[in-house]
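What's in input.txt: compact mmCIF, C-alpha atoms
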```
# COMPACT_ATOMS: atom_id res chain seq x y z
CA MET A 152 -63.94 -4.40 -4.65
CA LYS A 153 -63.15 -6.49 -7.72
CA LYS A 154 -60.31 -8.23 -5.87
CA LEU A 155 -62.76 -9.52 -3.27
CA PHE A 156 -65.00 -10.98 -5.99
CA ASP A 157 -61.99 -12.63 -7.66
CA GLU A 158 -60.95 -14.22 -4.37
CA LEU A 159 -64.50 -15.43 -3.78
CA SER A 160 -64.63 -16.90 -7.30
CA TYR A 161 -61.53 -19.03 -6.74
CA LYS A 162 -62.90 -20.13 -3.35
CA VAL A 163 -66.10 -21.33 -5.06
CA SER A 164 -64.05 -23.32 -7.59
CA LYS A 165 -61.95 -24.76 -4.76
CA GLU A 166 -65.03 -25.76 -2.77
CA THR A 167 -66.54 -27.33 -5.90
CA THR A 168 -63.43 -29.46 -6.28
CA LYS A 169 -63.51 -30.51 -2.62
CA GLN A 170 -67.20 -31.43 -2.77
CA TYR A 171 -66.99 -33.46 -5.95
CA SER A 172 -63.55 -35.09 -5.84
CA THR A 173 -61.44 -35.87 -2.79
CA SER A 174 -58.82 -37.49 -5.03
CA PHE A 175 -58.27 -34.37 -7.13
CA SER A 176 -58.39 -32.24 -3.99
CA PHE A 177 -55.52 -34.25 -2.53
CA GLY A 178 -53.62 -33.95 -5.81
CA ILE A 179 -54.08 -30.18 -6.02
CA LEU A 180 -52.92 -29.75 -2.43
CA ALA A 181 -49.68 -31.43 -3.51
CA LEU A 182 -49.08 -28.74 -6.16
CA ALA A 183 -47.13 -25.58 -5.43
CA SER A 184 -49.44 -23.03 -3.80
CA SER A 185 -48.87 -20.61 -6.69
CA ILE A 186 -50.70 -22.84 -9.19
CA ARG A 187 -53.46 -24.34 -7.04
CA ASN A 188 -56.08 -21.67 -7.74
CA PRO A 189 -55.89 -21.95 -11.55
CA ILE A 190 -56.19 -25.75 -11.35
CA TYR A 191 -59.20 -25.40 -9.04
CA ALA A 192 -60.64 -23.01 -11.64
CA ILE A 193 -60.19 -25.52 -14.46
CA TYR A 194 -61.63 -28.39 -12.43
CA GLY A 195 -64.59 -26.28 -11.28
CA TYR A 196 -65.37 -25.32 -14.87
CA VAL A 197 -65.27 -28.83 -16.31
CA ARG A 198 -67.17 -30.22 -13.33
CA LEU A 199 -70.00 -27.72 -13.81
CA ALA A 200 -70.38 -28.69 -17.46
CA ASP A 201 -70.23 -32.37 -16.52
CA GLU A 202 -72.97 -31.92 -13.93
CA ILE A 203 -75.25 -30.34 -16.52
CA VAL A 204 -75.15 -33.42 -18.76
CA ASP A 205 -74.92 -36.04 -15.99
CA SER A 206 -77.12 -34.83 -13.15
CA PHE A 207 -79.74 -32.27 -14.10
CA HIS A 208 -82.28 -34.83 -15.29
CA GLU A 209 -85.37 -32.78 -14.47
CA TYR A 210 -84.23 -29.84 -16.60
CA ASP A 211 -83.58 -29.12 -20.25
CA LYS A 212 -79.94 -30.17 -20.40
CA SER A 213 -79.49 -29.07 -23.98
CA LYS A 214 -80.73 -25.57 -23.16
CA LEU A 215 -78.56 -25.36 -20.05
CA LEU A 216 -75.43 -26.51 -21.89
CA LYS A 217 -76.09 -24.08 -24.74
CA ARG A 218 -76.40 -21.25 -22.22
CA PHE A 219 -73.24 -22.41 -20.45
CA ARG A 220 -71.35 -22.38 -23.77
CA GLU A 221 -72.60 -18.88 -24.58
CA GLU A 222 -71.73 -17.61 -21.10
CA THR A 223 -68.26 -19.10 -21.44
CA TRP A 224 -67.52 -17.15 -24.61
CA ASP A 225 -69.09 -14.00 -23.14
CA ALA A 226 -66.89 -14.31 -20.04
CA LEU A 227 -63.77 -14.78 -22.15
CA GLU A 228 -64.66 -11.85 -24.41
CA GLU A 229 -65.67 -9.45 -21.63
CA LYS A 230 -63.12 -10.73 -19.07
CA ILE A 231 -65.80 -10.86 -16.40
CA SER A 232 -68.65 -13.12 -15.32
CA LEU A 233 -71.12 -12.93 -12.45
CA ASN A 234 -70.89 -16.72 -12.25
CA PRO A 235 -67.96 -17.27 -9.85
CA ILE A 236 -66.83 -20.50 -11.54
CA LEU A 237 -66.81 -18.85 -14.97
CA GLN A 238 -65.08 -15.82 -13.47
CA SER A 239 -62.17 -17.83 -12.04
CA PHE A 240 -61.97 -19.87 -15.24
CA GLN A 241 -61.82 -16.87 -17.58
CA GLU A 242 -59.11 -15.30 -15.43
CA THR A 243 -57.10 -18.52 -15.63
CA VAL A 244 -57.58 -18.79 -19.39
CA HIS A 245 -56.29 -15.25 -19.90
CA GLN A 246 -53.45 -15.51 -17.39
CA TYR A 247 -52.03 -18.71 -18.88
CA ASP A 248 -53.10 -18.14 -22.50
CA ILE A 249 -55.10 -21.36 -22.64
CA ASP A 250 -55.99 -22.18 -26.22
CA ARG A 251 -59.68 -21.54 -26.96
CA ILE A 252 -59.73 -24.60 -29.23
CA LEU A 253 -59.27 -26.79 -26.14
CA ILE A 254 -62.36 -25.24 -24.56
CA GLU A 255 -64.38 -25.76 -27.75
CA GLN A 256 -63.33 -29.41 -27.96
CA PHE A 257 -64.29 -29.94 -24.33
CA LEU A 258 -67.74 -28.42 -24.82
CA ASN A 259 -68.25 -30.52 -27.95
CA SER A 260 -67.66 -33.71 -25.96
CA MET A 261 -70.10 -32.54 -23.29
CA GLU A 262 -72.63 -32.04 -26.07
CA MET A 263 -72.10 -35.65 -27.16
CA ASP A 264 -73.39 -36.73 -23.74
CA LEU A 265 -76.77 -35.19 -24.51
CA GLU A 266 -77.52 -37.98 -26.99
CA LYS A 267 -77.44 -41.77 -26.86
CA ILE A 268 -74.46 -42.72 -29.00
CA ASP A 269 -73.33 -46.17 -30.07
CA TYR A 270 -69.61 -45.56 -29.80
CA ASN A 271 -67.26 -46.87 -32.45
CA SER A 272 -63.49 -46.42 -32.30
CA ASP A 273 -63.51 -42.97 -33.93
CA LEU A 274 -66.28 -41.55 -31.75
CA TYR A 275 -64.62 -43.04 -28.66
CA LYS A 276 -61.36 -41.27 -29.48
CA GLU A 277 -63.20 -38.03 -30.25
CA TYR A 278 -65.03 -38.13 -26.92
CA ILE A 279 -61.89 -38.87 -24.89
CA LEU A 280 -60.01 -36.09 -26.69
CA GLY A 281 -62.59 -33.50 -25.67
CA SER A 282 -63.60 -34.81 -22.26
CA ALA A 283 -60.16 -35.67 -20.88
CA GLU A 284 -57.12 -35.07 -23.09
CA VAL A 285 -57.79 -31.36 -23.62
CA VAL A 286 -58.36 -30.91 -19.88
CA GLY A 287 -54.89 -32.34 -19.34
CA LEU A 288 -53.58 -29.80 -21.86
CA MET A 289 -55.33 -26.92 -20.07
CA CYS A 290 -53.61 -27.95 -16.85
CA LEU A 291 -50.30 -28.36 -18.66
CA GLN A 292 -50.46 -24.76 -19.86
CA VAL A 293 -50.65 -23.75 -16.20
CA PHE A 294 -47.84 -26.11 -15.19
CA VAL A 295 -45.36 -24.80 -17.79
CA ASN A 296 -46.41 -21.16 -17.26
CA GLY A 297 -46.20 -20.12 -20.90
CA ASN A 298 -43.10 -22.10 -21.88
CA LYS A 299 -44.15 -23.16 -25.39
CA GLU A 300 -41.18 -25.48 -25.96
CA GLN A 301 -41.84 -27.31 -22.72
CA PHE A 302 -45.56 -27.49 -23.53
CA GLU A 303 -44.94 -29.14 -26.90
CA GLN A 304 -42.49 -31.59 -25.33
CA LEU A 305 -44.97 -32.65 -22.62
CA LYS A 306 -48.16 -32.41 -24.69
CA PRO A 307 -48.39 -36.11 -25.74
CA PHE A 308 -47.83 -37.24 -22.15
CA ALA A 309 -50.51 -34.89 -20.78
CA MET A 310 -52.99 -36.15 -23.35
CA LYS A 311 -52.15 -39.76 -22.59
CA LEU A 312 -52.55 -39.21 -18.85
CA GLY A 313 -55.95 -37.57 -19.33
CA SER A 314 -56.96 -40.45 -21.59
CA VAL A 315 -55.96 -43.22 -19.20
CA PHE A 316 -57.63 -41.52 -16.22
CA GLN A 317 -60.83 -41.25 -18.25
CA LYS A 318 -60.72 -44.90 -19.31
CA VAL A 319 -60.34 -46.00 -15.69
CA ASN A 320 -63.34 -43.81 -14.85
CA PHE A 321 -65.33 -45.43 -17.67
CA LEU A 322 -64.56 -48.90 -16.32
CA ARG A 323 -65.30 -47.92 -12.71
CA ASP A 324 -68.57 -46.18 -13.66
CA MET A 325 -69.93 -48.73 -16.16
CA LYS A 326 -72.86 -49.65 -13.93
CA ASP A 327 -74.10 -46.08 -13.32
CA ASP A 328 -73.31 -44.87 -16.82
CA TYR A 329 -75.45 -47.63 -18.30
CA GLU A 330 -78.26 -47.95 -15.73
CA ILE A 331 -78.76 -44.25 -14.97
CA LEU A 332 -77.53 -42.45 -18.09
CA GLY A 333 -77.96 -45.15 -20.74
CA ARG A 334 -74.34 -44.82 -21.88
CA CYS A 335 -71.51 -47.19 -22.67
CA TYR A 336 -68.38 -45.47 -23.93
CA PHE A 337 -66.23 -48.44 -24.86
CA PRO A 338 -66.39 -48.89 -28.64
CA ASP A 339 -68.57 -51.56 -30.25
CA LEU A 340 -69.49 -53.03 -26.88
CA ASP A 341 -72.90 -54.58 -26.27
CA ILE A 342 -73.27 -54.28 -22.51
CA SER A 343 -75.02 -57.66 -22.39
CA SER A 344 -71.81 -59.27 -23.66
CA PHE A 345 -69.53 -57.58 -21.13
CA ASP A 346 -67.67 -60.46 -19.51
CA ASN A 347 -64.24 -61.16 -18.04
CA SER A 348 -62.69 -61.60 -21.48
CA VAL A 349 -63.93 -58.19 -22.66
CA LYS A 350 -62.89 -56.62 -19.37
CA LEU A 351 -59.38 -58.05 -19.74
CA SER A 352 -59.07 -56.58 -23.24
CA ILE A 353 -60.03 -53.12 -21.94
CA GLU A 354 -57.57 -53.49 -19.07
CA LYS A 355 -54.70 -54.32 -21.41
CA ASP A 356 -55.27 -51.06 -23.29
CA ILE A 357 -55.35 -49.11 -20.02
CA ALA A 358 -52.20 -50.81 -18.69
CA THR A 359 -50.30 -49.92 -21.88
CA GLU A 360 -51.24 -46.25 -21.54
CA PHE A 361 -50.22 -46.16 -17.87
CA LYS A 362 -46.72 -47.36 -18.83
CA GLU A 363 -46.38 -44.49 -21.33
CA THR A 364 -47.27 -41.70 -18.88
CA LEU A 365 -44.70 -41.92 -16.08
CA GLU A 366 -41.86 -40.63 -18.25
CA GLY A 367 -43.81 -37.42 -18.86
CA ILE A 368 -44.57 -36.93 -15.16
CA LYS A 369 -40.84 -37.06 -14.42
CA MET A 370 -40.30 -34.21 -16.90
CA LEU A 371 -42.84 -31.85 -15.31
CA PRO A 372 -41.69 -28.70 -13.47
CA GLY A 373 -41.11 -29.18 -9.76
CA SER A 374 -44.17 -27.08 -8.95
CA SER A 375 -46.52 -29.71 -10.41
CA ARG A 376 -44.58 -32.99 -10.52
CA PHE A 377 -45.57 -34.35 -7.13
CA GLY A 378 -49.23 -33.40 -7.46
CA VAL A 379 -49.57 -35.09 -10.85
CA TYR A 380 -47.64 -38.13 -9.61
CA LEU A 381 -50.03 -38.41 -6.67
CA ALA A 382 -53.02 -38.43 -9.04
CA TYR A 383 -51.21 -41.08 -11.11
CA ARG A 384 -50.67 -43.24 -8.02
CA TYR A 385 -54.33 -42.89 -7.05
CA TYR A 386 -55.52 -44.05 -10.47
CA ILE A 387 -53.00 -46.89 -10.58
CA SER A 388 -54.35 -48.08 -7.22
CA LEU A 389 -57.96 -47.75 -8.36
CA PHE A 390 -57.14 -49.66 -11.54
CA ALA A 391 -55.44 -52.44 -9.54
CA LYS A 392 -58.54 -52.77 -7.42
CA ILE A 393 -60.79 -52.90 -10.49
CA LYS A 394 -58.63 -55.61 -12.09
CA LYS A 395 -59.23 -57.85 -9.07
CA ARG A 396 -63.00 -57.67 -9.54
CA SER A 397 -65.00 -59.72 -12.03
CA ALA A 398 -66.97 -58.18 -14.87
CA LYS A 399 -70.15 -59.12 -13.00
CA THR A 400 -68.97 -57.23 -9.92
CA ILE A 401 -68.16 -54.14 -11.99
CA MET A 402 -71.80 -54.12 -13.13
CA THR A 403 -73.17 -54.44 -9.59
CA GLU A 404 -71.01 -52.07 -7.50
CA ARG A 405 -68.81 -48.99 -7.83
CA ILE A 406 -65.18 -49.58 -6.88
CA ARG A 407 -63.70 -46.94 -4.60
CA ILE A 408 -60.48 -46.01 -2.82
CA SER A 409 -61.15 -44.98 0.78
CA ASN A 410 -59.98 -41.60 2.06
CA GLY A 411 -57.68 -43.40 4.47
CA ALA A 412 -56.06 -45.25 1.57
CA LYS A 413 -55.71 -41.96 -0.32
CA ILE A 414 -53.86 -40.42 2.63
CA SER A 415 -51.60 -43.46 2.78
CA LEU A 416 -50.92 -43.09 -0.95
CA MET A 417 -50.02 -39.44 -0.43
CA MET A 418 -47.49 -40.33 2.27
CA SER A 419 -45.83 -43.14 0.28
CA SER A 420 -45.76 -41.01 -2.87
CA TYR A 421 -44.15 -38.15 -1.00
CA LEU A 422 -41.51 -40.50 0.40
CA GLN A 423 -40.67 -41.70 -3.12
CA TYR A 424 -40.53 -38.12 -4.34
CA LYS A 425 -38.19 -36.96 -1.56
CA THR A 426 -35.88 -39.94 -1.92
CA SER A 427 -35.52 -39.32 -5.68
CA LEU A 428 -37.23 -42.54 -6.71
CA LEU A 429 -39.48 -40.50 -8.98
```
Structure re-expressed in structure tokens:
Amino acid sequence: MKKLFDELSYKVSKETTKQYSTSFSFGILALASSIRNPIYAIYGYVRLADEIVDSFHEYDKSKLLKRFREETWDALEEKISLNPILQSFQETVHQYDIDRILIEQFLNSMEMDLEKIDYNSDLYKEYILGSAEVVGLMCLQVFVNGNKEQFEQLKPFAMKLGSVFQKVNFLRDMKDDYEILGRCYFPDLDISSFDNSVKLSIEKDIATEFKETLEGIKMLPGSSRFGVYLAYRYYISLFAKIKKRSAKTIMTERIRISNGAKISLMMSSYLQYKTSLL
């Protein structure tokens, strides 16, 4: 039965999310049950593409990504895929009328990861747009359930939130990105000159963006507000922990938030939500 395959496809996307990101798993659990599956589908899709360019070192990444791109468009055109992650994603795209341009921009950024790029300001913005901001917009189309006016109103906040999450990830992952993948995303940065002064400059940019996002979270529908706020709290906490470390430490270890701390964050965030502090 087709229904059984559809259910299996969403379960695969859900399991992918759980395996790769406990933080997003916690956040999705805090969403209304009616929108969890489509968000799992979006995360599973972007994670699969990300794994191609970040992890499959013994294979032809360019060939794999090209095939993934082709299979994406085939799935969207035919409204079916034998790849469970693509199947759940194409169903989500059609159900919530997700703009195909967002998917194209995302895939373009993944393609940028196939080459060693010396990022300037323009390329940095282009990469963040495709790798993070458009993913926020895909999720937003699910959150507003087709309400175009609400989408346009919340669009800049969703993009900003995706951007600031990505920048925190860049700072957290500087060591692995450079040593394993040969990448440094921050514009015009020679990794040998990364010191506390440079780190502080990056942190000021991130802090400014964080301040601009909370207003948008408060405007989200009730079905998604708490889940997105929980993700926001997680990244704020991760950022606070990163700020306490030196530039040297950032380049020698990966900063993490323990699962116990994440559960504590969930409880305190829920208390704020229920007492109308959010």
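Ranking A:Glu262, A:Arg384, A:His245, A:Ile331 by their shortest atom-to-atom distance to Ile203 in chain A, with all atoms listed in the file included, puts A:Glu262 first.
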If we count all atoms listed in the file, what is near Lys276 in chain A at a cut-off of 10 Å, once residues fewer than 6 positions away on the same chain are taken out, given as number ranges by chain?
A: 270, 282, 284, 314, 336-338
Kindly export the residues of the current selection with C-alpha atoms, as a PDB file, in the coordinates of the input.
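After the write, out-v2.pdb holds the following:
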```pdb
ATOM      1  CA  TYR A 270     -69.610 -45.560 -29.800  1.00  0.00           C
ATOM      2  CA  SER A 282     -63.600 -34.810 -22.260  1.00  0.00           C
ATOM      3  CA  GLU A 284     -57.120 -35.070 -23.090  1.00  0.00           C
ATOM      4  CA  SER A 314     -56.960 -40.450 -21.590  1.00  0.00           C
ATOM      5  CA  TYR A 336     -68.380 -45.470 -23.930  1.00  0.00           C
ATOM      6  CA  PHE A 337     -66.230 -48.440 -24.860  1.00  0.00           C
ATOM      7  CA  PRO A 338     -66.390 -48.890 -28.640  1.00  0.00           C
TER       8      PRO A 338
END
```
Pick from A:Thr223, A:Met310, A:Met370, A:Ser184: nearest to Ala200 in chain A, with only C-alpha atoms counted?
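Of A:Thr223, A:Met310, A:Met370, A:Ser184, the one nearest Ala200 in chain A is A:Thr223, counting only C-alpha atoms.
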Find the spatial neighbours of Asn188 in chain A, counting only C-alpha atoms, within a cut-off of 9 Å - ignore same-chain residues fewer than 4 positions away - and output them as a list in words.
Tyr161, Lys162, Ser164, Lys165, Ile179, Ser184, Ala192, Ile193, Ser239 and Thr243 of chain A
Select, from A:Val197, A:Met417, A:Ile268, A:Ala398, the residue with the minimum atom-to-atom distance to Met325 in chain A, counting all atoms listed in the file.
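Of the candidates, the smallest distance to Met325 in chain A is held by A:Ala398.
Taking CA of Val295 in chain A as the reference point, CA of Leu371 in chain A is found at 7.9 Å.
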What does the distance from CA of Ala382 in chain A to CA of Arg334 in chain A come to in Å, to one decimal?
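Those two atoms sit 25.7 Å apart.
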Non-local contacts of Asp346 in chain A (10 Å; only C-alpha atoms; under 6 positions in same chain excluded) as an MDAnalysis selection string:
chainID A and resid 397:399 401:402
So, counting only C-alpha atoms, which residue among A:Ala283, A:Gly367, A:Arg323, A:Ser352 is closest to Gln301 in chain A?
A:Gly367
Given the choices A:Lys169, A:Lys326, A:Lys355, A:Lys369, which gets closest to Phe308 in chain A if the distance is worked out from only C-alpha atoms?
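With only C-alpha atoms as the atom set, the closest residue is A:Lys369.
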Nearest to Pro307 in chain A among A:Thr364, A:Thr403, A:Ser213, A:Ser415, with distances taken over all atoms listed in the file: which residue is it?
A:Thr364
Contacts of Ala181 in chain A at 10 Å or less, counting all atoms listed in the file, minus same-chain residues fewer than 3 places along, as a PyMOL selection string?
chain A and resi 175-178+184+187+374-382+417+421
Rounded to one decimal in Å, what is the spacing between CA of Gly287 in chain A and CA of Tyr385 in chain A?
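Those two atoms sit 16.2 Å apart.
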Near Met289 in chain A, within 12 Å and counting all atoms listed in the file, which residues show up once chain neighbours fewer than 4 positions away are dropped, as a ChimeraX atom specification?
/A:189-194,196-197,240,243-257,281-285,293-297,302,306,309-310,313
Expected axis-aligned box over every listed atom of range 265-274 of chain A, 8 Å added per side, centre plus edges in Å to one decimal, as lines of an AutoDock Vina configuration file:
```
center_x = -70.5
center_y = -41.0
center_z = -29.2
size_x = 30.0
size_y = 27.7
size_z = 25.4
```
